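A quick write-up on the structure given underneath.
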Amino acid sequence: MRAARLIKMVLLLQARPSMTAAELAAELEVSERTITRDAQALSEAGVPVYADRGRTGGYRLIGGYRTRLTGLGRSEAEALFLSGVPGALREMGLEDAASAARLKVSAALMPSLRDAPRSASQRFHLDAPGWFKESPAPELLPAVADAVWDDRRITARYRRQQDEVERELEPYGLVLKAGVWYLCARVPDSGSHRVYRIDRFTAVAVGEERFVRDEEFDLPAFWEERAAQFARAILRTEVVVRLTEAGVRQLPYATDRVVAREAMESAGEPDATGRVTATLPVESDDVAYTQLMALGPEVEVLEPAALRERFAEAAARSAALYR
């Protein structure tokens, strides 16, 4: 446990000019006193860790010290080769670069770990797109990916409803969600970050000018927040349902899992027949009809009346078919 923490501390100091005890403690999830002891242990072991005193001080490595990639265990080495997404790298035009990087890392591994890439690839594969959906890579994706890597501004034209809009963007990051590529970019005029579907771009011109990236920008956190906002924004109405015990179990598979969980947490106690009444936020009555039909007799729609009538008509037609 401590050995792994010491290795991580050295790697952190290699990657940054200097880190305070508080920053190291937060990264390693230990106390600042532990950081002090660890730094002393590294120094005694011959790792040149230097402590700058004072309010703006911190820890740093001196003399251009670099550690070699020899401390990987088997599980760590295999996990390293699981971190890439082959299809996504290919679509961004980075397949050759990723292949070269894997070869270099493989060459640096100890002989006993040289089979880690093959071992990992034989056991795990990520297939991002959903079933029965064609998800061709957007033609302009490689150009956008290049701009993201080089921090270069782009001028993009994209379809917005019936119109085409041109906008200058600072491309911060790419997200692949269910086979669809998105660009997270900052709009220089407003300073706000927005999300764009790359398959709606009709033209992209990569400029020579580089933008200054906000180092505080956290792509995973930004995407998680925007995805949650989007999911909430499309839930414009509500339906009241009565569910059997089986219906409660199946509801997260028919609708959004988070929405289903929250609906059941706020539901009342089961009635005498064991059924639970809950209010479920939905995108529209049509979407609710499609989703809840998957539950069959395990769900009864109580409100709105028009949707309940649609379910009653569907039940009558089904009953007629099976007589």
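Each chain in the structure tokens gets a letter, A, B and so on, in the order shown; residues start at 1 in every chain, and ligands are counted from 1 in the order they appear.
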
Per-residue DSSP, stretch 188-311 of chain A, filtered to helix (DSSP H, G or I), as a ChimeraX atom specification: /A:198-200,219-233,245-254,257-265,285-293,296-298,305-311

Residue contacts of A:Thr244 (10 Å, only C-alpha atoms) excluding same-chain residues fewer than 4 positions away, as a VMD selection string: chain A and resid 248 to 250 270 273 to 277 295 297 to 300

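For the residues A:Asp218, A:Glu44, A:Glu168, A:Asp52, ranking by smallest atom-to-atom distance to A:Thr20 using only C-alpha atoms places A:Asp52 first.
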
Residues near A:Arg186, cut-off 12 Å, only C-alpha atoms, skip fewer than 5 positions along chain, as a PyMOL selection string: chain A and resi 148+151-154+167-173+191-196+211-214+217+219+222

Surrounding residues of A:Thr255 excluding itself and chain neighbours under 2 positions, 10 Å, only C-alpha atoms, as a PyMOL selection string: chain A and resi 250-253+257-261+280-282+287-288+290-292+294

Residue nearest A:Glu23 among A:Ala41, A:Pro188, A:Gly57, A:Tyr289 (counting only C-alpha atoms):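 With only C-alpha atoms as the atom set, the closest residue is A:Gly57.
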